[in-house]
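Here is protein_10.txt, consisting of compact mmCIF, C-alpha atoms and all ligand atoms:
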# COMPACT_ATOMS: atom_id res chain seq x y z
CA MET A 20 24.52 -3.29 -9.69
CA ALA A 21 22.49 -0.12 -10.08
CA PHE A 22 19.57 -0.35 -12.49
CA LYS A 23 20.57 1.33 -15.74
CA PRO A 24 18.01 0.72 -18.48
CA ALA A 25 20.33 0.98 -21.51
CA ASN A 26 23.09 -1.10 -19.85
CA ASN A 27 20.54 -3.75 -19.09
CA ILE A 28 19.75 -4.05 -22.79
CA GLN A 29 23.46 -4.00 -23.73
CA ASP A 30 24.34 -6.73 -21.25
CA LEU A 31 21.87 -9.28 -22.57
CA GLN A 32 23.72 -11.88 -24.55
CA TYR A 33 22.01 -13.93 -27.24
CA PHE A 34 23.89 -16.07 -29.71
CA GLY A 35 22.30 -17.63 -32.75
CA GLU A 36 22.56 -21.44 -32.71
CA PHE A 37 25.08 -21.26 -35.55
CA GLY A 38 27.25 -18.59 -33.99
CA GLY A 39 25.38 -15.65 -35.51
CA VAL A 40 25.66 -12.42 -33.54
CA ASN A 41 21.89 -12.15 -33.73
CA PRO A 42 19.68 -14.90 -32.37
CA SER A 43 18.25 -17.19 -35.01
CA ILE A 44 14.70 -16.28 -36.01
CA SER A 45 12.14 -18.93 -35.18
CA ASP A 46 10.23 -19.01 -38.44
CA SER A 47 7.69 -21.61 -37.32
CA SER A 48 4.13 -21.55 -36.10
CA THR A 49 4.39 -25.05 -34.61
CA TYR A 50 7.13 -27.19 -33.02
CA THR A 51 7.93 -30.90 -33.00
CA PHE A 52 8.37 -33.06 -29.89
CA LEU A 53 10.33 -36.24 -29.42
CA SER A 54 7.79 -37.48 -26.92
CA ALA A 55 4.06 -37.01 -26.55
CA LYS A 56 4.49 -36.52 -22.81
CA THR A 57 6.71 -33.45 -23.33
CA MET A 58 4.09 -32.06 -25.69
CA PHE A 59 1.43 -32.40 -22.98
CA ASP A 60 3.73 -30.86 -20.34
CA THR A 61 4.50 -27.94 -22.65
CA PHE A 62 0.80 -27.31 -23.25
CA GLU A 63 0.29 -27.22 -19.49
CA GLY A 64 3.19 -24.77 -19.17
CA ASN A 65 5.38 -27.24 -17.29
CA ALA A 66 8.25 -27.77 -19.72
CA ASP A 67 10.77 -24.94 -19.67
CA GLY A 68 12.58 -24.22 -22.92
CA CYS A 69 10.02 -26.04 -25.08
CA TYR A 70 7.73 -24.41 -27.60
CA LEU A 71 4.38 -25.73 -28.74
CA TYR A 72 2.72 -23.14 -30.94
CA SER A 73 3.76 -19.58 -31.74
CA ARG A 74 0.61 -17.88 -30.45
CA HIS A 75 1.64 -19.23 -27.03
CA SER A 76 5.31 -18.34 -27.27
CA SER A 77 8.24 -18.41 -29.64
CA PRO A 78 12.00 -18.02 -29.13
CA SER A 79 12.12 -14.72 -31.06
CA ASN A 80 9.29 -13.21 -29.04
CA LEU A 81 10.85 -14.36 -25.80
CA TYR A 82 14.19 -12.73 -26.70
CA LEU A 83 12.54 -9.38 -27.38
CA GLY A 84 10.34 -9.67 -24.29
CA GLU A 85 13.32 -10.35 -22.05
CA ALA A 86 15.25 -7.39 -23.51
CA LEU A 87 12.31 -5.08 -22.83
CA ALA A 88 11.83 -6.48 -19.32
CA ALA A 89 15.51 -5.75 -18.67
CA MET A 90 15.01 -2.21 -19.97
CA GLU A 91 11.99 -1.60 -17.73
CA GLY A 92 13.34 -3.50 -14.73
CA THR A 93 10.43 -5.93 -14.48
CA GLU A 94 10.59 -9.68 -13.90
CA THR A 95 9.50 -10.45 -17.43
CA ALA A 96 7.46 -9.20 -20.40
CA THR A 97 5.36 -10.40 -23.29
CA VAL A 98 5.33 -8.81 -26.74
CA THR A 99 2.19 -8.19 -28.77
CA ALA A 100 1.18 -7.34 -32.31
CA SER A 101 0.51 -3.65 -31.52
CA GLY A 102 0.41 -1.19 -28.66
CA MET A 103 -3.37 -1.56 -28.47
CA GLY A 104 -2.78 -5.31 -28.49
CA ALA A 105 -0.81 -4.77 -25.26
CA ILE A 106 -3.15 -2.30 -23.55
CA THR A 107 -6.49 -4.04 -24.15
CA PRO A 108 -5.54 -7.50 -22.77
CA VAL A 109 -4.09 -5.90 -19.63
CA ILE A 110 -7.42 -4.19 -18.96
CA MET A 111 -9.45 -7.29 -19.82
CA GLN A 112 -7.23 -9.46 -17.61
CA LEU A 113 -7.46 -7.21 -14.58
CA CYS A 114 -11.14 -6.28 -14.85
CA GLY A 115 -14.32 -8.31 -15.01
CA ALA A 116 -17.97 -7.25 -15.30
CA GLY A 117 -18.80 -4.64 -12.66
CA ASP A 118 -15.23 -3.43 -12.25
CA HIS A 119 -14.03 0.13 -12.62
CA VAL A 120 -10.94 1.93 -13.94
CA VAL A 121 -9.62 5.35 -12.96
CA SER A 122 -7.80 6.72 -15.97
CA SER A 123 -6.01 9.88 -16.95
CA ARG A 124 -8.24 11.88 -19.27
CA THR A 125 -5.32 12.80 -21.51
CA ILE A 126 -4.33 9.51 -23.08
CA TYR A 127 -3.93 8.16 -26.59
CA GLY A 128 -7.27 8.38 -28.46
CA GLY A 129 -7.44 4.63 -29.11
CA THR A 130 -7.01 3.79 -25.43
CA TYR A 131 -9.60 6.43 -24.55
CA ALA A 132 -12.05 4.97 -27.09
CA PHE A 133 -11.49 1.46 -25.74
CA LEU A 134 -12.19 2.49 -22.15
CA LYS A 135 -15.03 4.84 -23.01
CA ASN A 136 -16.89 2.89 -25.73
CA PHE A 137 -15.74 -0.71 -25.81
CA ALA A 138 -15.09 -1.77 -22.20
CA PRO A 139 -18.66 -0.75 -21.11
CA LYS A 140 -19.96 -3.58 -23.34
CA PHE A 141 -18.39 -5.84 -20.71
CA ASN A 142 -19.76 -3.68 -17.91
CA ILE A 143 -16.34 -2.19 -17.16
CA GLU A 144 -16.69 1.53 -16.45
CA THR A 145 -14.01 4.23 -16.42
CA SER A 146 -13.73 7.58 -14.67
CA PHE A 147 -11.47 9.95 -16.60
CA VAL A 148 -9.65 12.38 -14.34
CA ASP A 149 -6.91 15.00 -14.31
CA ILE A 150 -4.04 12.65 -13.45
CA THR A 151 -1.83 15.49 -12.27
CA LYS A 152 -4.15 16.03 -9.28
CA LEU A 153 -3.61 13.17 -6.85
CA ASP A 154 -6.54 14.19 -4.64
CA VAL A 155 -8.88 14.04 -7.66
CA VAL A 156 -7.49 10.61 -8.60
CA GLU A 157 -8.03 9.30 -5.08
CA ALA A 158 -11.56 10.73 -4.90
CA ALA A 159 -12.53 8.87 -8.10
CA ILE A 160 -11.72 5.45 -6.63
CA THR A 161 -14.73 3.28 -5.80
CA LYS A 162 -15.02 -0.11 -4.14
CA ASN A 163 -15.02 -1.64 -7.64
CA THR A 164 -11.88 0.07 -8.92
CA LYS A 165 -9.17 -2.31 -10.08
CA ILE A 166 -6.83 -0.18 -12.19
CA LEU A 167 -5.18 3.23 -12.12
CA TYR A 168 -4.24 3.93 -15.74
CA CYS A 169 -2.01 6.67 -17.12
CA GLU A 170 0.72 7.54 -19.58
CA SER A 171 4.01 8.67 -18.03
CA VAL A 172 4.02 11.53 -20.52
CA SER A 173 0.59 11.89 -22.06
CA ASN A 174 -0.46 11.87 -25.68
CA PRO A 175 -0.87 14.54 -26.95
CA LEU A 176 -0.78 17.13 -24.16
CA LEU A 177 2.53 16.00 -22.61
CA GLU A 178 1.15 15.98 -19.09
CA VAL A 179 3.48 14.18 -16.71
CA ALA A 180 2.19 11.58 -14.24
CA ASP A 181 3.55 11.53 -10.70
CA ILE A 182 4.25 7.80 -10.77
CA ILE A 183 5.52 7.59 -7.18
CA GLY A 184 2.42 9.41 -5.90
CA LEU A 185 0.08 7.28 -8.00
CA ALA A 186 1.83 4.08 -6.89
CA LYS A 187 1.21 5.04 -3.26
CA ILE A 188 -2.50 5.49 -3.96
CA ALA A 189 -2.61 2.21 -5.90
CA LYS A 190 -1.01 0.40 -2.98
CA LYS A 191 -3.34 1.97 -0.43
CA TYR A 192 -6.45 0.76 -2.32
CA ASN A 193 -4.94 -2.49 -3.61
CA LEU A 194 -5.16 -1.41 -7.27
CA LYS A 195 -2.82 -2.09 -10.16
CA LEU A 196 -1.01 0.94 -11.51
CA VAL A 197 -0.70 0.50 -15.29
CA VAL A 198 1.59 2.99 -17.04
CA ASP A 199 1.95 3.46 -20.79
CA ASN A 200 5.59 4.57 -21.23
CA THR A 201 5.52 4.96 -25.03
CA PHE A 202 6.61 8.64 -24.97
CA SER A 203 9.52 8.28 -22.55
CA PRO A 204 11.47 5.02 -22.99
CA LEU A 205 14.77 5.02 -21.06
CA SER A 206 14.10 8.53 -19.70
CA ILE A 207 11.51 7.22 -17.23
CA SER A 208 11.36 3.71 -15.76
CA PRO A 209 7.83 3.49 -14.30
CA ALA A 210 8.27 0.05 -12.69
CA LYS A 211 11.25 1.37 -10.74
CA LEU A 212 9.00 4.17 -9.45
CA GLY A 213 6.29 1.77 -8.31
CA ALA A 214 4.14 0.95 -11.37
CA ASP A 215 2.85 -2.63 -11.42
CA ILE A 216 2.58 -2.99 -15.18
CA VAL A 217 4.32 -1.02 -17.93
CA VAL A 218 3.06 -1.08 -21.52
CA HIS A 219 4.53 0.37 -24.68
CA SER A 220 3.55 0.87 -28.26
CA LEU A 221 6.85 -0.37 -29.70
CA THR A 222 5.64 1.15 -32.98
CA LYS A 223 7.13 4.46 -31.82
CA PHE A 224 10.57 5.30 -30.38
CA ILE A 225 11.55 1.77 -29.40
CA ASN A 226 11.38 0.36 -32.91
CA GLY A 227 12.11 3.78 -34.35
CA SER A 228 11.86 2.99 -38.05
CA SER A 229 8.09 3.34 -38.63
CA ASP A 230 7.97 0.00 -40.41
CA THR A 231 5.75 -1.96 -38.03
CA VAL A 232 3.18 -1.80 -35.28
CA ALA A 233 4.10 -3.70 -32.13
CA GLY A 234 3.62 -3.64 -28.36
CA VAL A 235 4.82 -5.02 -25.04
CA ILE A 236 3.53 -5.66 -21.54
CA CYS A 237 6.17 -5.67 -18.78
CA GLY A 238 5.28 -7.02 -15.35
CA THR A 239 5.68 -9.77 -12.81
CA GLN A 240 6.15 -13.37 -13.89
CA GLU A 241 2.81 -14.17 -12.27
CA PHE A 242 0.89 -11.54 -14.24
CA ILE A 243 2.54 -12.37 -17.56
CA ASP A 244 1.85 -16.08 -16.94
CA ASP A 245 -1.79 -15.16 -16.28
CA LEU A 246 -1.99 -13.29 -19.59
CA ARG A 247 -0.59 -16.31 -21.39
CA ASN A 248 -2.73 -18.89 -19.61
CA VAL A 249 -4.33 -21.23 -22.17
CA ASN A 250 -7.62 -21.32 -20.26
CA ASP A 251 -8.24 -17.70 -19.36
CA GLY A 252 -5.29 -15.56 -20.44
CA ALA A 253 -6.28 -12.42 -22.36
CA CYS A 254 -3.12 -12.38 -24.53
CA MET A 255 -3.47 -16.06 -25.31
CA LEU A 256 -7.18 -15.94 -26.10
CA LEU A 257 -7.53 -12.54 -27.75
CA GLY A 258 -4.57 -13.56 -29.86
CA SER A 259 -2.70 -10.34 -30.70
CA THR A 260 0.59 -12.20 -31.09
CA MET A 261 3.64 -10.60 -32.65
CA ASP A 262 5.18 -12.29 -35.66
CA SER A 263 8.67 -13.72 -35.04
CA LEU A 264 10.24 -11.96 -38.01
CA ARG A 265 9.03 -8.66 -36.63
CA SER A 266 10.19 -9.28 -33.09
CA ALA A 267 13.66 -10.10 -34.44
CA SER A 268 13.76 -6.80 -36.31
CA VAL A 269 12.45 -4.77 -33.34
CA LEU A 270 15.14 -6.37 -31.15
CA LYS A 271 17.84 -5.17 -33.55
CA ASN A 272 16.47 -1.63 -33.49
CA LEU A 273 16.18 -1.64 -29.70
CA ARG A 274 19.96 -1.77 -29.41
CA THR A 275 20.35 1.79 -30.70
CA LEU A 276 17.49 3.23 -28.68
CA HIS A 277 19.80 4.95 -26.17
CA ILE A 278 21.63 6.86 -28.91
CA ARG A 279 18.44 7.78 -30.72
CA MET A 280 16.69 8.99 -27.56
CA GLN A 281 19.60 11.28 -26.74
CA GLN A 282 19.41 12.85 -30.20
CA HIS A 283 15.60 13.11 -30.23
CA SER A 284 15.71 14.81 -26.81
CA GLN A 285 18.56 17.15 -27.68
CA ASN A 286 16.86 18.29 -30.88
CA ALA A 287 13.46 18.68 -29.20
CA MET A 288 14.99 20.73 -26.38
CA TYR A 289 16.68 23.02 -28.88
CA LEU A 290 13.51 23.64 -30.87
CA ALA A 291 11.30 24.01 -27.80
CA LYS A 292 13.57 26.69 -26.36
CA ARG A 293 13.70 28.58 -29.65
CA PHE A 294 9.94 28.34 -30.27
CA GLU A 295 9.18 29.54 -26.75
CA LYS A 296 11.57 32.45 -27.13
CA ASP A 297 9.83 33.35 -30.38
CA GLY A 298 6.61 33.76 -28.41
CA LEU A 299 4.91 30.55 -29.56
CA LYS A 300 2.78 28.67 -27.04
CA THR A 301 5.13 25.73 -26.62
CA VAL A 302 4.74 22.69 -24.41
CA TYR A 303 7.81 20.54 -23.71
CA PRO A 304 8.59 18.88 -20.37
CA GLY A 305 12.18 20.11 -20.64
CA LEU A 306 11.08 23.76 -20.48
CA LYS A 307 10.99 25.40 -17.06
CA SER A 308 7.55 26.74 -18.02
CA HIS A 309 6.12 23.19 -18.17
CA PRO A 310 3.99 22.72 -15.02
CA SER A 311 5.58 19.33 -14.35
CA HIS A 312 9.16 20.16 -15.35
CA GLU A 313 10.51 19.56 -11.84
CA LEU A 314 8.46 16.38 -11.46
CA PHE A 315 9.84 14.98 -14.72
CA LYS A 316 13.36 15.90 -13.57
CA SER A 317 12.84 14.06 -10.31
CA MET A 318 11.88 10.84 -12.14
CA MET A 319 14.21 10.84 -15.15
CA TYR A 320 17.56 9.42 -16.19
CA ASP A 321 19.25 12.70 -17.20
CA LYS A 322 21.20 11.17 -20.03
CA TYR A 323 18.15 10.49 -22.18
CA GLY A 324 16.59 13.89 -21.73
CA PHE A 325 12.96 14.98 -21.79
CA GLY A 326 12.03 13.07 -24.92
CA GLY A 327 11.33 13.90 -28.53
CA MET A 328 7.73 15.15 -28.27
CA LEU A 329 6.67 18.78 -28.17
CA THR A 330 3.57 20.76 -29.05
CA ILE A 331 2.93 24.28 -30.26
CA ASP A 332 -0.40 26.05 -30.57
CA VAL A 333 -0.77 28.19 -33.69
CA GLY A 334 -4.31 29.31 -32.93
CA SER A 335 -6.52 27.53 -35.45
CA ILE A 336 -6.77 24.29 -37.38
CA GLU A 337 -6.46 26.24 -40.66
CA LYS A 338 -3.12 27.75 -39.61
CA ALA A 339 -1.95 24.39 -38.27
CA ASN A 340 -2.76 22.70 -41.58
CA GLU A 341 -1.08 25.41 -43.63
CA LEU A 342 2.06 25.24 -41.53
CA MET A 343 2.26 21.46 -41.62
CA GLU A 344 1.76 21.36 -45.38
CA MET A 345 4.44 24.00 -45.89
CA MET A 346 6.91 22.28 -43.58
CA GLN A 347 6.39 19.02 -45.46
CA ALA A 348 6.87 20.77 -48.82
CA LYS A 349 10.19 22.14 -47.49
CA ASN A 350 11.21 18.62 -46.43
CA LEU A 351 11.30 19.49 -42.73
CA GLY A 352 9.34 16.42 -41.82
CA TYR A 353 6.21 14.52 -42.72
CA LEU A 354 2.58 15.33 -42.12
CA ALA A 355 1.92 11.99 -40.45
CA VAL A 356 0.68 10.57 -37.20
CA SER A 357 2.86 8.33 -35.04
CA LEU A 358 6.23 9.18 -33.54
CA GLY A 359 9.81 8.15 -32.98
CA PHE A 360 10.95 8.25 -36.62
CA TYR A 361 14.29 9.63 -37.90
CA LYS A 362 12.32 12.34 -39.71
CA THR A 363 10.24 14.82 -37.78
CA LEU A 364 6.54 13.91 -37.87
CA PHE A 365 3.76 16.41 -37.22
CA SER A 366 0.01 16.20 -36.95
CA ALA A 367 -2.88 18.09 -35.42
CA PRO A 368 -4.20 15.67 -32.76
CA GLY A 369 -7.63 17.35 -32.57
CA SER A 370 -8.38 16.18 -36.10
CA SER A 371 -6.38 12.94 -36.05
CA THR A 372 -5.07 10.81 -33.18
CA SER A 373 -7.39 12.32 -30.56
CA SER A 374 -10.45 12.78 -32.76
CA GLU A 375 -12.14 9.93 -30.86
CA ILE A 376 -12.45 12.31 -27.91
CA PRO A 377 -15.67 14.42 -28.11
CA ASP A 378 -15.29 18.19 -28.70
CA ASN A 379 -16.45 19.26 -25.24
CA GLU A 380 -14.04 16.87 -23.51
CA ARG A 381 -11.16 17.97 -25.74
CA GLU A 382 -11.90 21.54 -24.76
CA ALA A 383 -12.02 20.67 -21.04
CA MET A 384 -8.61 19.03 -21.19
CA GLY A 385 -7.07 21.92 -23.13
CA LEU A 386 -6.68 20.15 -26.46
CA SER A 387 -7.19 23.02 -28.85
CA ASP A 388 -7.71 22.83 -32.62
CA GLY A 389 -4.54 24.77 -33.40
CA LEU A 390 -2.33 22.36 -31.49
CA ILE A 391 0.42 20.70 -33.53
CA ARG A 392 2.17 17.69 -32.07
CA PHE A 393 5.75 17.22 -33.19
CA SER A 394 7.81 14.09 -32.91
CA ILE A 395 11.23 15.61 -33.43
CA GLY A 396 13.53 13.62 -35.66
CA LEU A 397 17.22 12.80 -35.57
CA ASP A 398 18.24 15.83 -37.69
CA ALA A 399 22.01 16.25 -37.71
CA ASP A 400 21.70 20.04 -38.06
CA ILE A 401 18.82 21.15 -35.89
CA GLU A 402 19.77 24.84 -36.18
CA ARG A 403 19.16 24.67 -39.92
CA THR A 404 15.84 22.92 -39.26
CA TYR A 405 14.84 25.67 -36.85
CA ASP A 406 15.76 28.43 -39.30
CA MET A 407 13.68 26.81 -42.02
CA MET A 408 10.71 26.20 -39.69
CA ARG A 409 10.90 29.79 -38.56
CA ARG A 410 10.74 31.01 -42.14
CA CYS A 411 7.61 28.93 -42.74
CA MET A 412 6.00 30.49 -39.66
CA GLU A 413 6.97 33.99 -40.78
CA THR A 414 5.53 33.40 -44.24
CA LEU A 415 2.22 32.32 -42.71
CA ASN A 416 2.20 35.21 -40.21
CA ILE A 417 2.32 32.83 -37.28
CA LEU A 418 5.30 34.69 -35.84
CA GLU A 419 5.01 38.38 -35.24
CA THR A 420 8.70 39.30 -35.47
CA LYS A 421 10.47 38.60 -38.72
CA THR A 422 14.01 37.19 -38.73
CA SER A 423 15.17 40.44 -40.35
CA GLU A 424 13.90 42.41 -37.32
CA LEU A 425 15.77 40.26 -34.81
CA VAL A 426 18.82 41.82 -33.20
N1 LIG B 501 -0.05 4.37 -26.51
C1 LIG B 501 0.34 5.55 -27.00
C2 LIG B 501 0.86 6.58 -26.05
C3 LIG B 501 0.26 5.81 -28.38
O1 LIG B 501 0.65 7.00 -28.85
C4 LIG B 501 -0.26 4.80 -29.23
C5 LIG B 501 -0.39 5.00 -30.69
O2 LIG B 501 -0.32 6.07 -31.21
C6 LIG B 501 -0.67 3.59 -28.67
C7 LIG B 501 -0.54 3.39 -27.31
C8 LIG B 501 -1.23 2.47 -29.53
O3 LIG B 501 -0.19 1.80 -30.15
P1 LIG B 501 -0.34 0.99 -31.53
O4 LIG B 501 -0.71 1.99 -32.59
O5 LIG B 501 1.00 0.37 -31.71
O6 LIG B 501 -1.42 -0.02 -31.33

Rewrite the structure of this file - the entire thing - as structure tokens.
Amino acid sequence: MAFKPANNIQDLQYFGEFGGVNPSISDSSTYTFLSAKTMFDTFEGNADGCYLYSRHSSPSNLYLGEALAAMEGTETATVTASGMGAITPVIMQLCGAGDHVVSSRTIYGGTYAFLKNFAPKFNIETSFVDITKLDVVEAAITKNTKILYCESVSNPLLEVADIIGLAKIAKKYNLKLVVDNTFSPLSISPAKLGADIVVHSLTKFINGSSDTVAGVICGTQEFIDDLRNVNDGACMLLGSTMDSLRSASVLKNLRTLHIRMQQHSQNAMYLAKRFEKDGLKTVYPGLKSHPSHELFKSMMYDKYGFGGMLTIDVGSIEKANELMEMMQAKNLGYLAVSLGFYKTLFSAPGSSTSSEIPDNEREAMGLSDGLIRFSIGLDADIERTYDMMRRCMETLNILETKTSELV
């Protein structure tokens, strides 16, 4: 059967032991054994279906992991306590002292800070490149490179990675292509396009209710087993394990992801088109003006659209702050970082989520101070939202033409 990410989630069947329509939550950190031999075999990883200790694995975490693996089309997956708790063990597992990473320069600020400031303590160096230029990516590879790292749609600039092209380069040089798919769940399936490992911050669209931080690593059985190895597995030993109660609640939210993504994308497309028409500098992969619009189209499942993230540039941080404060006062969303909530969230990445990136590098990558990143919510009446946002922009003289002058 053709790979269809949302169907793959729908088709998974889990019953609770007592007939509940949701699997029972494993509310235990440790598990009993009827024989000492089975306990030993479980510790060694040789007893399927047995659990020893919840940092190693737990039924609830396995259920969520399998659902996310089905969504991404990978052999399996392991869930983690945050998105960073997924990204950092992948890098530490694949790289040792002396190794090298080629990474997109427009990535989430925390990932950037990890690669730039933390990984060098272990003698792991990173070259940050313009990921949209495959020749530049290839030229940055050295004999020590182990990983090509990117986000399918980047935070915050919404650059789109050519996953098929990058996968070819990764294969040629025997590297692992690691793709953070946090911004485009369901729309893009990186593993199906050739990525070796797919990570997510579940904190965002996948969980969708802004009530937890969580992450996942999707990959081959061999790689996930390596991460969980009791002797040298980065997930096992760094210990960013998700709590079972949380994985049960993320699993429940995952089931409505396909409906939510359609609404986020539809609303974002509407606003992006209107903002662009109003003369605002608008970046949204669904706009024909986006440099990678055709590339995104060639990789996406149409049904889920171009995602819920868009940016506008209002010229200065002062204007950006004024606009965000006014929009929040009018209840058009929240001045907050993060994304994927039912309410629209907006922030200025230059002074928040990307502030780890030095000024000169932010400038080089085109991350200006007046940039506002929007995570568009599930608003039932997006036309009303637009009208109200437009009035805020008129009041602050961000828009030149007033509504009253429009024909
Ligand atoms: N990846 C992306 C693209 C993100 O936007 C974020 C957080 O904002 C992360 C990873 C880190 O995830 P978490 O905050 O769940 O650790």

Checklist entry - Leaving out stretch 360-366 of chain A and any residue of its chain fewer than 4 positions from it, which residues lie within 8 Å of it when counting only C-alpha atoms, given as a list in words? => result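 Listing them by chain and then by number gives Lys223, Phe224, Gly227, Ser228, Ser229, Met343, Leu351, Gly352, Tyr353, Leu354, Ala355, Val356, Ser371, Ile391, Arg392, Phe393, Ser394, Ile395, Gly396, Leu397 and Asp398 of chain A.
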
Next on the checklist: Give me, as a PyMOL selection string, the set of residues whose atoms come within 10 Å of any atom of ligand LIG 501 (chain B), counting all atoms listed in the file.
Outcome noted: chain A and resi 99-107+125-131+169-175+198-203+218-223+231-235+356-358+372-373

Checklist entry - Of the candidates A:Asp400, A:Asp406, A:Asp118, A:Glu337, which one gets nearest to A:Lys162 if we count only C-alpha atoms? => result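 Closest to A:Lys162 of all the choices is A:Asp118.
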
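Take the candidates A:Asp388, A:Glu380, A:Asp321, A:Glu313 and check each one against A:Ile336 using all atoms listed in the file; the shortest distance goes to A:Asp388.
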
Stretch 182-291 of chain A residues near stretch 42-56 of chain A within 9 Å, closest pair each, using only C-alpha atoms, as a Markdown table:
| residue | atom | partner | partner_atom | distance |
| --- | --- | --- | --- | --- |
| A:Asp262 | CA | A:Asp46 | CA | 8.9 |
| A:Ser263 | CA | A:Ser45 | CA | 6.3 |
| A:Leu264 | CA | A:Ile44 | CA | 6.5 |
| A:Ser266 | CA | A:Ile44 | CA | 8.8 |
| A:Ala267 | CA | A:Ile44 | CA | 6.5 |

Item to check | Residue with smallest distance to A:Thr301 - pool A:Glu413, A:Val217, A:Leu257, A:Leu390, counting all atoms listed in the file | outcome: A:Leu390

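Across the structure, atom CA of A:Tyr303 and atom CA of A:Ser370 are spaced 20.8 Å apart.
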
Item to check | Å distance separating atom CA of A:Glu344 from atom CA of A:Glu419, one decimal place | outcome: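 The value is 20.1 Å.
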
Axis-aligned box over every listed atom of stretch 290-301 of chain A, padded by 3 Å per side: centre and edges in Å to one decimal, as lines of an AutoDock Vina configuration file?
center_x = 8.2
center_y = 28.7
center_z = -28.6
size_x = 16.9
size_y = 16.1
size_z = 10.5

Checklist entry - Counting all atoms listed in the file, which of A:Met318, A:Met111, A:Ile278, A:Met412 gets nearest to A:Phe141? => result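 Looking only at the distances to A:Phe141, the closest residue turns out to be A:Met111.
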
Checklist entry - Quick one, how far is atom CA of A:Thr164 from atom CA of A:Val120? => result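 Separating atom CA of A:Thr164 from atom CA of A:Val120 is a distance of 5.4 Å.
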
Checklist entry - Which neighbours of A:Gln112 fall inside 10 Å, counting all atoms listed in the file, when residues of the same chain fewer than 4 positions from it are skipped, and could you give them as JSON, numbers by chain? => result {"A": [107, 108, 242, 245, 246, 251, 252, 253, 254]}

Checklist entry - Of the candidates A:Lys349, A:Ile182, A:Val109, A:Gly369, which shows the shortest atom-to-atom distance to A:Arg410, using only C-alpha atoms? => result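 For A:Arg410, the nearest of the given residues is A:Lys349.
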
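Distance annotation: of A:Arg409, A:Lys296, A:His75, A:Lys271, the residue with the minimal separation from A:Glu63 is A:His75; atom set is only C-alpha atoms.
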